[in-house]
Amino acid sequence: METYRRLSDEALMQRYVQRQDRMALLPVYDRYGHLVAGICLRYLKNKDAALEATRQVFICLADELFSFQTNDLKGLLVQLAHKQCTTWKAEPDATGYYPYWQQEPVPAAACEHISEPVLTSLFSQLPKPVQQCLRLFYEQKLTGAEISAITGHTPEKVRHYLYEGKYTLSGAFKKEGGI
Amino acid sequence: MKTILARFFEASTCLSKRQLRDYVQGVMSREEKHVTEHHISSCNLCAEALEGIMASPHDATDMLETLDTDFLQEHFRMTSPQVHVNSMAPVIPARRRKYKTKHLLRTSGIVMLLAGISLTAWYLKSKENFLVVTQPIITNENHQKPASAPPDPAPAPVSASIVAADTPTLSATTAPPAAPATIKEAGRKPAPATVTITEKEPDEDQSNPGTTQTIPTEHRADDREIVNKRPAAPTTANEAILLYESGAYAEALRFYLLQMQDKDRHSRDEARLMAARCYLGMGQETKAISLLQALIHESSGSQKRQAKRLLRSIDRE
């Protein structure tokens with residue numbers, strides 16, 4: 001089992017699909033089971049229901065992973081959790097703090113090709129609260145609670161601003177960097 | 001700005017149960033909290049999970065404790081009775097399997113070919129050895145007259161391996177049996193002799209009184225003696241030896257001249273050595289010397305040593 005833990009998500013999925021190695025799915029549950037349970041708890045607001053929904057998510061994953069055409073395991077788990085919660089007659093919060101969760105992550109080297117003036121210009125196009133939160137978080141390395149205390153925003157709002165700023169910039173970097 | 005923005009996209013792993021619990025309970029260190037918040041700002045799964053756990057922290061704590069994989073293993077057992085347990089072993093690609101088989105076949109073919117060649121060579125060799133005359137090995141130590149030894153008028157005693165004791169000593173008048181001893185001798189055509197038996201060459205050493213005469217004079221052949229007292233040609237090495245020892249060098253020489261055409265190298269060298277001795281017995285030193293020199297040049301082992309010794313004895317090395 002220790003050997004499986006060292007494998008990446010893609011390797012585990014490949015092993016499960018191509019070699020029909022069912023043991024490869026157990027480390028996936030160890031890595032993300034508690035996170036899926038948290039998502040289910042967020043929507044179902046009941047721990048037993050959330051637990052059952054979590055189990056169903058992974059059973060569905062085990063049965064249908066062969067048919068999914070994706071390498072993004074985490075994104076797939078989020079979608080399955082939302083679908084399961086919908087099945088349990090709980091509507092996911094479509095107006096939550098994370099409207100950009102469908103975007104693909106930006107590689108770290110995205111801004112290397114972009115000049116300093118362009119980066120400054122892109123950053124300045126963000127809303128002021130977002131700029132403020134980003135500067136406090138990345139320049140001064142403060143926590144969300146500390147930023148909340150300084151700016152007066154709620155911790156959830158601070159998290160939202162950080163999230164929004166990051167993904168707005170990532171879209172701009174992709175455009176400028178030709179990614 | 002570039003350095004700060006580059007940190008936006010630094011990769012980080014998802015939150016563990018402990019990190020979720022510590023974050024919700026507020027017992028996380030400041031640095032770890034910063035790292036956790038940095039991760040959740042880019043990970044949908046962790047961000048939504050944290051939201052749900054922070055909304056119901058008490059339920060979340062209980063729930064996190066009861067998570068296990070039993071249901072998954074039970075599900076696998078129900079859907080399929082046989083579970084692939086040990087799949088960490090690398091799957092051997094078909095190409096390598098094919099390569100291994102091909103390699104094995106090639107190696108086997110080569111081994112079989114070599115075995116066949118060896119068997120064929122062994123068979124041919126054994127066949128050749130079967131046809132060769134099984135003559136006793138004539139060791140020169142038994143028959144060679146030492147170069148400096150005084151002439152021995154009586155013929156040397158024959159060794160038991162050569163001839164039976166009751167065989168009469170061959171003389172010039174006795175006719176040895178004419179039947180061929182081996183198929184080889186019967187089929188052998190008389191080889192063109194390099195020298196003729198009746199030819200007599202002057203003994204070069206006779207003009208030089210200072211040269212040591214090592215060949216007994218009574219054994220030196222005379223042409224007339226060869227012509228008048230000519231027995232039948234010996235057909236076996238035993239007979240030839242007896243003739244040589246009895247002083248019938250010319251008759252013995254006939255055998256050895258034929259024997260010099262033999263396929264077996266050892267027999268040829270032996271015959272040359274004996275022919276040289278016969279020439280010496282007949283007083284034809286030049287021919288003997290040329291034979292001995294050729295023998296020294298071409299042969300190896302005991303024949304070469306004996307030829308050198310013989311040549312030294314006639315002071316012509």
# chains A, B, ... in the order shown; residues from 1 in each chain; ligands from 1
>>> closest_atom_pairs(of="chain A", to="chain B", cutoff="6 Å", atoms="only C-alpha atoms", output="Markdown table")
| residue | atom | partner | partner_atom | distance |
| --- | --- | --- | --- | --- |
| A:Asp21 | CA | B:His84 | CA | 5.8 |
| A:Leu35 | CA | B:Ala49 | CA | 5.0 |
| A:Gly38 | CA | B:Ala49 | CA | 4.0 |
| A:Ile39 | CA | B:Ala49 | CA | 4.5 |
| A:Leu41 | CA | B:Gly52 | CA | 5.4 |
| A:Arg42 | CA | B:Gly52 | CA | 3.6 |
| A:Lys47 | CA | B:Asp59 | CA | 5.8 |
| A:Trp101 | CA | B:Asn44 | CA | 5.8 |
| A:Ala108 | CA | B:Phe9 | CA | 4.7 |
| A:Thr143 | CA | B:His34 | CA | 5.0 |
| A:Tyr163 | CA | B:Ser41 | CA | 4.9 |
>>> residues_around(residues="segment 124-137 of chain A", least_positions_apart="2", cutoff="7 Å", atoms="only C-alpha atoms", output="list in words")
Thr120, Ser121, Leu122, Glu139, Gln140, Lys141, Leu142, Thr143, Ile147, Val158, Tyr161, Leu162 and Gly165 of chain A
>>> residues_around(residues="Pro234 of chain B", least_positions_apart="3", cutoff="6 Å", atoms="only C-alpha atoms", output="list in words")
Glu239, Ala240 and Phe255 of chain B
>>> residues_around(residues="Ala252 of chain B", least_positions_apart="2", cutoff="8 Å", atoms="only C-alpha atoms", output="ChimeraX atom specification")
/B:233-234,239-241,243-244,248-250,254-256,275,278
>>> atom_distance(atom1="atom CA of Leu76 of chain A", atom2="atom CA of Leu44 of chain A")
19.1 Å
>>> residues_around(residues="segment 59-74 of chain A", least_positions_apart="4", cutoff="7 Å", atoms="only C-alpha atoms", output="ChimeraX atom specification")
/A:9-10,17,55,78 /B:45,72
>>> atom_distance(atom1="atom CA of Tyr43 of chain A", atom2="atom CA of Tyr23 of chain B")
20.1 Å
>>> atom_distance(atom1="atom CA of Tyr279 of chain B", atom2="atom CA of Ile296 of chain B")
16.7 Å
>>> closest_residue(among="A:Ser8, A:Gln56, A:Ser148, A:Thr168", to="Arg31 of chain A", atoms="only C-alpha atoms")
A:Ser8
>>> select_by_dssp(residues="segment 5-151 of chain A", states="helix (DSSP H, G or I)", output="PDB file with C-alpha atoms, in the first residue's frame")
ATOM      1  CA  ARG A   5       0.640   6.169  -1.903  1.00  0.00           C
ATOM      2  CA  ASP A   9      -3.448  10.727  -9.258  1.00  0.00           C
ATOM      3  CA  GLU A  10      -2.933  10.090 -12.970  1.00  0.00           C
ATOM      4  CA  ALA A  11      -0.888   6.988 -12.301  1.00  0.00           C
ATOM      5  CA  LEU A  12      -3.488   5.599  -9.954  1.00  0.00           C
ATOM      6  CA  MET A  13      -6.289   6.240 -12.448  1.00  0.00           C
ATOM      7  CA  GLN A  14      -4.291   4.633 -15.217  1.00  0.00           C
ATOM      8  CA  ARG A  15      -3.542   1.627 -13.095  1.00  0.00           C
ATOM      9  CA  TYR A  16      -7.185   1.249 -12.194  1.00  0.00           C
ATOM     10  CA  VAL A  17      -8.476   1.652 -15.738  1.00  0.00           C
ATOM     11  CA  GLN A  18      -5.817  -0.148 -17.755  1.00  0.00           C
ATOM     12  CA  ARG A  19      -4.737  -2.876 -15.406  1.00  0.00           C
ATOM     13  CA  ARG A  22      -8.846  -2.098  -7.809  1.00  0.00           C
ATOM     14  CA  MET A  23      -6.327  -1.565  -5.052  1.00  0.00           C
ATOM     15  CA  ALA A  24      -5.369   1.662  -6.824  1.00  0.00           C
ATOM     16  CA  LEU A  25      -8.650   3.264  -5.842  1.00  0.00           C
ATOM     17  CA  LEU A  26      -8.106   2.899  -2.105  1.00  0.00           C
ATOM     18  CA  PRO A  27      -5.324   5.550  -1.904  1.00  0.00           C
ATOM     19  CA  VAL A  28      -7.638   7.900  -3.823  1.00  0.00           C
ATOM     20  CA  TYR A  29     -10.195   7.580  -1.060  1.00  0.00           C
ATOM     21  CA  ASP A  30      -7.507   8.156   1.559  1.00  0.00           C
ATOM     22  CA  ARG A  31      -6.422  11.345  -0.183  1.00  0.00           C
ATOM     23  CA  TYR A  32      -9.767  12.903  -1.036  1.00  0.00           C
ATOM     24  CA  GLY A  33     -12.468  11.071   0.900  1.00  0.00           C
ATOM     25  CA  HIS A  34     -12.555  13.624   3.739  1.00  0.00           C
ATOM     26  CA  LEU A  35     -12.703  16.507   1.235  1.00  0.00           C
ATOM     27  CA  VAL A  36     -15.613  14.971  -0.650  1.00  0.00           C
ATOM     28  CA  ALA A  37     -17.307  14.420   2.695  1.00  0.00           C
ATOM     29  CA  GLY A  38     -16.800  18.109   3.485  1.00  0.00           C
ATOM     30  CA  ILE A  39     -18.430  19.128   0.200  1.00  0.00           C
ATOM     31  CA  CYS A  40     -21.359  16.796   0.879  1.00  0.00           C
ATOM     32  CA  LEU A  41     -21.660  18.151   4.403  1.00  0.00           C
ATOM     33  CA  ARG A  42     -21.710  21.690   3.012  1.00  0.00           C
ATOM     34  CA  TYR A  43     -24.775  20.909   0.876  1.00  0.00           C
ATOM     35  CA  LEU A  44     -26.587  18.231   2.869  1.00  0.00           C
ATOM     36  CA  LYS A  47     -23.214  14.102   8.739  1.00  0.00           C
ATOM     37  CA  ASP A  48     -24.883  10.724   8.122  1.00  0.00           C
ATOM     38  CA  ALA A  49     -26.245  11.844   4.798  1.00  0.00           C
ATOM     39  CA  ALA A  50     -22.883  13.347   3.923  1.00  0.00           C
ATOM     40  CA  LEU A  51     -21.151  10.074   4.797  1.00  0.00           C
ATOM     41  CA  GLU A  52     -23.521   8.044   2.680  1.00  0.00           C
ATOM     42  CA  ALA A  53     -23.216  10.494  -0.181  1.00  0.00           C
ATOM     43  CA  THR A  54     -19.444  10.265   0.049  1.00  0.00           C
ATOM     44  CA  ARG A  55     -19.585   6.481  -0.231  1.00  0.00           C
ATOM     45  CA  GLN A  56     -21.838   6.722  -3.236  1.00  0.00           C
ATOM     46  CA  VAL A  57     -19.474   9.172  -4.899  1.00  0.00           C
ATOM     47  CA  PHE A  58     -16.623   6.700  -4.644  1.00  0.00           C
ATOM     48  CA  ILE A  59     -18.712   3.722  -5.656  1.00  0.00           C
ATOM     49  CA  CYS A  60     -19.770   5.673  -8.714  1.00  0.00           C
ATOM     50  CA  LEU A  61     -16.130   6.510  -9.356  1.00  0.00           C
ATOM     51  CA  ALA A  62     -15.158   2.825  -9.100  1.00  0.00           C
ATOM     52  CA  ASP A  63     -17.899   1.726 -11.475  1.00  0.00           C
ATOM     53  CA  GLU A  64     -17.651   4.463 -14.053  1.00  0.00           C
ATOM     54  CA  LEU A  65     -14.074   5.650 -14.061  1.00  0.00           C
ATOM     55  CA  PHE A  66     -13.516   3.668 -17.242  1.00  0.00           C
ATOM     56  CA  SER A  67     -15.995   5.845 -19.072  1.00  0.00           C
ATOM     57  CA  LEU A  73      -9.445  13.568 -10.690  1.00  0.00           C
ATOM     58  CA  LYS A  74     -10.134  16.376  -8.254  1.00  0.00           C
ATOM     59  CA  GLY A  75     -12.435  18.173 -10.655  1.00  0.00           C
ATOM     60  CA  LEU A  76     -14.220  14.904 -11.309  1.00  0.00           C
ATOM     61  CA  LEU A  77     -14.744  14.301  -7.604  1.00  0.00           C
ATOM     62  CA  VAL A  78     -16.216  17.789  -7.188  1.00  0.00           C
ATOM     63  CA  GLN A  79     -18.644  17.157 -10.031  1.00  0.00           C
ATOM     64  CA  LEU A  80     -19.645  13.759  -8.684  1.00  0.00           C
ATOM     65  CA  ALA A  81     -20.174  15.228  -5.227  1.00  0.00           C
ATOM     66  CA  HIS A  82     -22.410  17.952  -6.647  1.00  0.00           C
ATOM     67  CA  LYS A  83     -24.326  15.380  -8.640  1.00  0.00           C
ATOM     68  CA  GLN A  84     -24.766  13.135  -5.627  1.00  0.00           C
ATOM     69  CA  CYS A  85     -25.959  15.984  -3.457  1.00  0.00           C
ATOM     70  CA  THR A  86     -28.465  16.884  -6.158  1.00  0.00           C
ATOM     71  CA  THR A  87     -29.624  13.277  -6.083  1.00  0.00           C
ATOM     72  CA  ALA A 108       3.723  28.715 -12.508  1.00  0.00           C
ATOM     73  CA  ALA A 109       5.820  29.729 -15.502  1.00  0.00           C
ATOM     74  CA  ALA A 110       2.873  31.599 -17.030  1.00  0.00           C
ATOM     75  CA  CYS A 111       4.065  35.045 -15.998  1.00  0.00           C
ATOM     76  CA  GLU A 112       7.716  34.491 -16.877  1.00  0.00           C
ATOM     77  CA  HIS A 113       7.154  35.538 -20.447  1.00  0.00           C
ATOM     78  CA  GLU A 116       6.981  43.803 -15.594  1.00  0.00           C
ATOM     79  CA  PRO A 117       4.976  46.790 -16.885  1.00  0.00           C
ATOM     80  CA  VAL A 118       2.388  44.463 -18.390  1.00  0.00           C
ATOM     81  CA  LEU A 119       2.074  42.529 -15.154  1.00  0.00           C
ATOM     82  CA  THR A 120       1.647  45.782 -13.204  1.00  0.00           C
ATOM     83  CA  SER A 121      -0.954  46.922 -15.668  1.00  0.00           C
ATOM     84  CA  LEU A 122      -2.916  43.640 -15.410  1.00  0.00           C
ATOM     85  CA  PHE A 123      -2.795  43.762 -11.636  1.00  0.00           C
ATOM     86  CA  SER A 124      -4.008  47.330 -11.520  1.00  0.00           C
ATOM     87  CA  LYS A 128      -9.309  47.598  -5.275  1.00  0.00           C
ATOM     88  CA  PRO A 129     -10.403  45.219  -2.523  1.00  0.00           C
ATOM     89  CA  VAL A 130      -8.990  42.328  -4.495  1.00  0.00           C
ATOM     90  CA  GLN A 131      -5.702  44.165  -5.017  1.00  0.00           C
ATOM     91  CA  GLN A 132      -5.541  44.990  -1.343  1.00  0.00           C
ATOM     92  CA  CYS A 133      -6.179  41.419  -0.234  1.00  0.00           C
ATOM     93  CA  LEU A 134      -3.670  40.035  -2.737  1.00  0.00           C
ATOM     94  CA  ARG A 135      -0.942  42.404  -1.645  1.00  0.00           C
ATOM     95  CA  LEU A 136      -1.540  41.714   2.024  1.00  0.00           C
ATOM     96  CA  PHE A 137      -1.623  37.987   1.462  1.00  0.00           C
ATOM     97  CA  TYR A 138       1.363  37.564  -0.906  1.00  0.00           C
ATOM     98  CA  GLU A 139       3.579  40.502  -0.026  1.00  0.00           C
ATOM     99  CA  GLY A 144      -7.116  35.423   6.030  1.00  0.00           C
ATOM    100  CA  ALA A 145      -8.105  36.285   9.591  1.00  0.00           C
ATOM    101  CA  GLU A 146      -5.406  38.975   9.826  1.00  0.00           C
ATOM    102  CA  ILE A 147      -6.422  40.469   6.501  1.00  0.00           C
ATOM    103  CA  SER A 148     -10.022  40.414   7.699  1.00  0.00           C
ATOM    104  CA  ALA A 149      -9.005  42.298  10.826  1.00  0.00           C
ATOM    105  CA  ILE A 150      -7.127  44.907   8.795  1.00  0.00           C
ATOM    106  CA  THR A 151      -9.578  45.447   5.961  1.00  0.00           C
TER     107      THR A 151
END
